[in-house]
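K.L.:
final33.cif is the file, holding mmCIF, C-alpha atoms:
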data_input
loop_
_atom_site.label_atom_id
_atom_site.label_comp_id
_atom_site.auth_asym_id
_atom_site.auth_seq_id
_atom_site.Cartn_x
_atom_site.Cartn_y
_atom_site.Cartn_z
CA MET L 1 0.00 0.00 0.00
CA LYS L 2 2.86 2.30 0.81
CA LYS L 3 4.41 1.66 -2.59
CA PHE L 4 1.11 2.38 -4.30
CA THR L 5 0.70 5.68 -2.41
CA LEU L 6 4.29 6.64 -3.18
CA LEU L 7 3.82 5.73 -6.86
CA ALA L 8 0.55 7.69 -7.07
CA PHE L 9 2.20 10.68 -5.43
CA ALA L 10 5.19 10.48 -7.82
CA ALA L 11 2.89 10.22 -10.86
CA THR L 12 0.80 13.19 -9.67
CA PHE L 13 3.95 15.23 -9.03
CA ALA L 14 5.37 14.35 -12.48
CA PHE L 15 2.06 15.26 -14.11
CA PHE L 16 1.97 18.56 -12.22
CA ILE L 17 5.54 19.45 -13.25
CA SER L 18 4.93 18.53 -16.90
CA SER L 19 1.69 20.55 -17.00
CA CYS L 20 3.47 23.59 -15.55
CA LYS L 21 6.26 23.29 -18.09
CA SER L 22 3.94 22.88 -21.11
CA GLY L 23 2.90 26.55 -20.98
CA ASP L 24 6.30 27.71 -22.17
CA ASN L 25 6.60 25.20 -25.01
CA LEU L 26 6.21 26.96 -28.34
CA ASP L 27 4.37 25.19 -31.11
CA GLU L 28 3.63 26.32 -34.67
CA GLY L 29 0.06 27.33 -33.89
CA THR L 30 1.07 29.61 -31.04
CA ALA L 31 3.89 31.12 -33.11
CA GLU L 32 1.51 31.75 -36.00
CA ASP L 33 -0.98 33.47 -33.68
CA VAL L 34 1.70 35.75 -32.22
CA ILE L 35 3.11 36.65 -35.65
CA SER L 36 -0.32 37.25 -37.22
CA THR L 37 -1.31 39.48 -34.28
CA HIS L 38 1.90 41.44 -34.76
CA LEU L 39 1.31 41.76 -38.52
CA LYS L 40 -2.21 43.09 -37.94
CA ALA L 41 -0.89 45.79 -35.62
CA ASN L 42 2.31 46.51 -37.59
CA PRO L 43 1.88 45.34 -41.19
CA GLU L 44 4.83 44.64 -43.47
CA TYR L 45 4.56 46.55 -46.75
CA GLU L 46 6.47 48.18 -49.59
CA GLN L 47 5.73 51.69 -50.72
CA THR L 48 6.02 53.75 -53.87
CA LYS L 49 5.80 57.43 -54.67
CA ILE L 50 3.23 58.90 -57.05
CA ASP L 51 2.89 62.45 -58.33
CA ILE L 52 -0.23 64.43 -57.48
CA GLY L 53 -1.27 68.00 -58.11
CA GLU L 54 -0.88 69.53 -61.56
CA ILE L 55 0.93 67.11 -63.87
CA LYS L 56 1.90 67.54 -67.50
CA PHE L 57 1.47 64.61 -69.89
CA ARG L 58 2.65 64.46 -73.49
CA SER L 59 0.39 62.42 -75.71
CA LYS L 60 3.24 60.36 -77.17
CA ASN L 61 5.86 60.06 -74.43
CA ASP L 62 3.66 59.87 -71.34
CA GLN L 63 0.81 57.73 -72.66
CA LEU L 64 1.64 54.77 -70.39
CA GLU L 65 1.83 56.98 -67.30
CA LEU L 66 -1.48 58.63 -68.19
CA GLN L 67 -3.12 55.19 -68.54
CA LYS L 68 -1.95 54.26 -65.02
CA TYR L 69 -3.63 57.32 -63.56
CA LYS L 70 -6.80 56.67 -65.58
CA ALA L 71 -6.90 53.10 -64.21
CA LEU L 72 -6.74 54.52 -60.67
CA GLU L 73 -9.47 57.00 -61.55
CA GLU L 74 -11.74 54.15 -62.75
CA LYS L 75 -11.26 52.45 -59.38
CA GLY L 76 -12.11 55.69 -57.57
CA LEU L 77 -8.70 56.19 -55.94
CA VAL L 78 -7.77 59.44 -57.69
CA GLU L 79 -9.71 62.23 -59.35
CA MET L 80 -8.40 63.70 -62.61
CA LYS L 81 -9.49 67.05 -64.04
CA LEU L 82 -8.18 68.27 -67.37
CA GLN L 83 -6.90 71.80 -66.76
CA ASN L 84 -5.39 72.70 -70.11
CA GLN L 85 -4.58 71.16 -73.46
CA LYS L 86 -1.98 72.50 -75.88
CA LYS L 87 -1.18 71.38 -79.37
CA LYS L 88 2.34 72.08 -80.52
CA PHE L 89 2.56 73.95 -83.80
CA LEU L 90 3.23 71.63 -86.78
CA SER L 91 3.47 68.61 -84.47
CA LYS L 92 1.30 65.61 -83.79
CA ASP L 93 2.23 65.70 -80.12
CA SER L 94 -0.16 67.39 -77.69
CA VAL L 95 0.43 68.39 -74.08
CA TYR L 96 -2.25 67.82 -71.42
CA PHE L 97 -2.27 69.37 -67.94
CA TYR L 98 -4.25 67.37 -65.38
CA LEU L 99 -5.02 68.21 -61.78
CA ILE L 100 -4.75 64.89 -59.92
CA THR L 101 -6.10 64.59 -56.37
CA LEU L 102 -6.44 61.64 -54.00
CA THR L 103 -9.95 60.57 -52.99
CA ASP L 104 -11.27 59.29 -49.66
CA LYS L 105 -11.12 55.75 -51.03
CA SER L 106 -7.31 56.01 -51.24
CA LYS L 107 -6.86 56.94 -47.54
CA PRO L 108 -5.99 53.39 -46.35
CA TYR L 109 -3.09 53.28 -48.82
CA VAL L 110 -1.62 56.76 -48.24
CA LEU L 111 1.33 56.85 -45.84
CA LYS L 112 2.19 60.53 -46.27
CA HIS L 113 1.65 63.23 -48.88
CA ASP L 114 2.32 66.83 -49.70
CA ALA L 115 1.15 69.13 -52.48
CA HIS L 116 3.12 67.40 -55.24
CA SER L 117 3.58 63.75 -54.28
CA ALA L 118 2.25 60.95 -52.12
CA ASP L 119 3.85 57.86 -50.62
CA VAL L 120 1.40 54.98 -50.95
CA ARG L 121 1.40 51.27 -50.12
CA ALA L 122 2.08 49.25 -53.22
CA VAL L 123 2.55 45.77 -51.73
CA ASN L 124 1.22 44.34 -48.47
CA TYR L 125 2.83 41.20 -47.05
CA VAL L 126 0.54 38.64 -45.42
CA LEU L 127 1.25 35.25 -43.83
CA ASP L 128 1.37 32.48 -46.41
CA ASP L 129 -1.03 29.71 -45.40
CA GLU L 130 0.67 27.09 -47.56
CA LYS L 131 4.23 27.52 -46.27
CA PRO L 132 5.02 26.07 -42.84
CA ILE L 133 6.48 28.08 -40.00
CA THR L 134 10.03 27.13 -39.04
CA LEU L 135 10.82 27.24 -35.32
CA ILE L 136 14.41 27.84 -34.22
CA LYS L 137 14.46 27.52 -30.44
CA GLY L 138 17.19 29.35 -28.58
CA ASP L 139 16.30 28.39 -25.03
CA SER L 140 13.06 27.96 -23.08
CA LYS L 141 12.37 31.71 -23.01
CA ILE L 142 13.51 32.89 -26.48
CA ALA L 143 12.73 31.48 -29.92
CA ARG L 144 13.27 32.57 -33.49
CA VAL L 145 10.50 31.93 -35.99
CA THR L 146 10.98 32.04 -39.77
CA VAL L 147 7.80 32.66 -41.75
CA SER L 148 6.94 33.08 -45.39
CA LEU L 149 5.05 36.26 -46.30
CA LYS L 150 3.32 36.42 -49.66
CA LYS L 151 2.86 39.59 -51.67
CA ASP L 152 -0.61 41.09 -51.79
CA MET L 153 -0.55 43.76 -54.52
CA THR L 154 -2.62 46.91 -54.02
CA ASP L 155 -4.13 49.04 -56.78
CA PHE L 156 -1.14 51.38 -56.54
CA SER L 157 1.27 48.56 -57.42
CA ILE L 158 1.11 49.65 -61.08
CA PHE L 159 3.58 52.40 -60.09
CA TYR L 160 5.82 50.05 -58.07
CA LYS L 161 9.15 48.89 -59.45
CA ASP L 162 9.60 45.45 -57.88
CA LYS L 163 13.20 44.65 -56.91
CA ASN L 164 12.31 41.04 -56.07
CA VAL L 165 10.81 39.90 -59.36
CA GLY L 166 11.90 36.30 -58.98
CA SER L 167 9.27 35.37 -56.41
CA ASN L 168 5.91 36.36 -55.03
CA PHE L 169 6.94 35.95 -51.38
CA ILE L 170 9.66 36.85 -48.88
CA THR L 171 10.92 35.02 -45.80
CA LYS L 172 11.33 36.87 -42.55
CA THR L 173 12.66 35.82 -39.15
CA TYR L 174 11.04 37.11 -35.98
CA LYS L 175 12.12 36.80 -32.35
CA LEU L 176 9.60 35.69 -29.71
CA LYS L 177 10.01 35.81 -25.92
CA PHE L 178 8.20 33.91 -23.20
CA LYS L 179 6.81 35.91 -20.25
CA LYS L 180 5.37 33.90 -17.36
CA ASP L 181 2.32 36.08 -16.87
CA ILE L 182 1.50 36.71 -20.57
CA GLY L 183 2.95 33.78 -22.52
CA TRP L 184 4.75 34.11 -25.85
CA ILE L 185 5.06 37.68 -27.15
CA PHE L 186 6.67 39.36 -30.13
CA ALA L 187 10.18 40.66 -29.31
CA GLY L 188 11.56 41.91 -32.62
CA GLY L 189 12.12 41.33 -36.29
#
Rewrite the structure from the file as structure tokens, please.

P.N.:
Amino acid sequence: MKKFTLLAFAATFAFFISSCKSGDNLDEGTAEDVISTHLKANPEYEQTKIDIGEIKFRSKNDQLELQKYKALEEKGLVEMKLQNQKKKFLSKDSVYFYLITLTDKSKPYVLKHDAHSADVRAVNYVLDDEKPITLIKGDSKIARVTVSLKKDMTDFSIFYKDKNVGSNFITKTYKLKFKKDIGWIFAGG
């Protein structure tokens, strides 16, 4: 009977110790939750600069640029008003002056702007559901997590010059820390 009581006590103690320790074990689901919470609060993105205000377009040379602005106007992100049109003497080339302004629909994309230009989000990075998360444990309180972020192009991406044309994703490593009272938290990128 004494052996049984001692064995039951040892098993209960071992179970208690293992259940206390399991809170600081990091698994992929917990890491994904921490990283996705961080990305919602502090999104990863790439930006580009666009010209606003009064802009001059030549009918031959700037046709592609004018089409980009017209595509944004169709989506309701910018408003274009033709201010002036000039035809050069004895030339087939015409010059158009447009007043381009940002609309309320473009507010979520605008990072900063002044009278002549605006910095806008061109690419948002979101967690890739298909790629697994790679855990690199340092010790029981610090871990490094490598995730794959896929590109989510915005309407302003037509102005973006992509430096990473070879792929539609990036990999990023984040550092997570374990706090006893909170659990796993984001500690840096």

K.L.:
When you draw a straight line from CA of Lys92 in chain L to CA of Asp62 in chain L, how long is it in Å?

P.N.:
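If I compute the distance from CA of Lys92 in chain L to CA of Asp62 in chain L, I get 13.9 Å.
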
K.L.:
Determine, for each residue of range 71-146 of chain L having at least one atom at most 8 Å from an atom of range 30-39 of chain L, the closest pair of atoms and their separation in Å to one decimal, counting only C-alpha atoms; order by chain and ascending number, as a Markdown table.

P.N.:
| residue | atom | partner | partner_atom | distance |
| --- | --- | --- | --- | --- |
| L:Val126 | CA | L:Leu39 | CA | 7.6 |
| L:Leu127 | CA | L:Ser36 | CA | 7.1 |
| L:Ile133 | CA | L:Glu32 | CA | 7.4 |
| L:Val145 | CA | L:Ala31 | CA | 7.3 |

K.L.:
Run through the PyMOL selection byres ((chain L and resi 63-67) around 12) on the given coordinates and return the selected residues as a list of chain:residue names.

P.N.:
L:Ile50, L:Asp51, L:Ile55, L:Lys56, L:Phe57, L:Arg58, L:Ser59, L:Lys60, L:Asn61, L:Asp62, L:Lys68, L:Tyr69, L:Lys70, L:Ala71, L:Leu72, L:Glu73, L:Glu74, L:Met80, L:Leu82, L:Asp93, L:Ser94, L:Val95, L:Tyr96, L:Phe97, L:Tyr98, L:Ile100, L:Ile158, L:Phe159

K.L.:
Report, in Å with one decimal, the straight-line distance from CA of Gly29 in chain L to CA of Thr154 in chain L.

P.N.:
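Separating CA of Gly29 in chain L from CA of Thr154 in chain L is a distance of 28.2 Å.
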
K.L.:
What does the distance between CA of Asp119 in chain L and CA of Leu102 in chain L come to in Å, to one decimal place?

P.N.:
11.5 Å
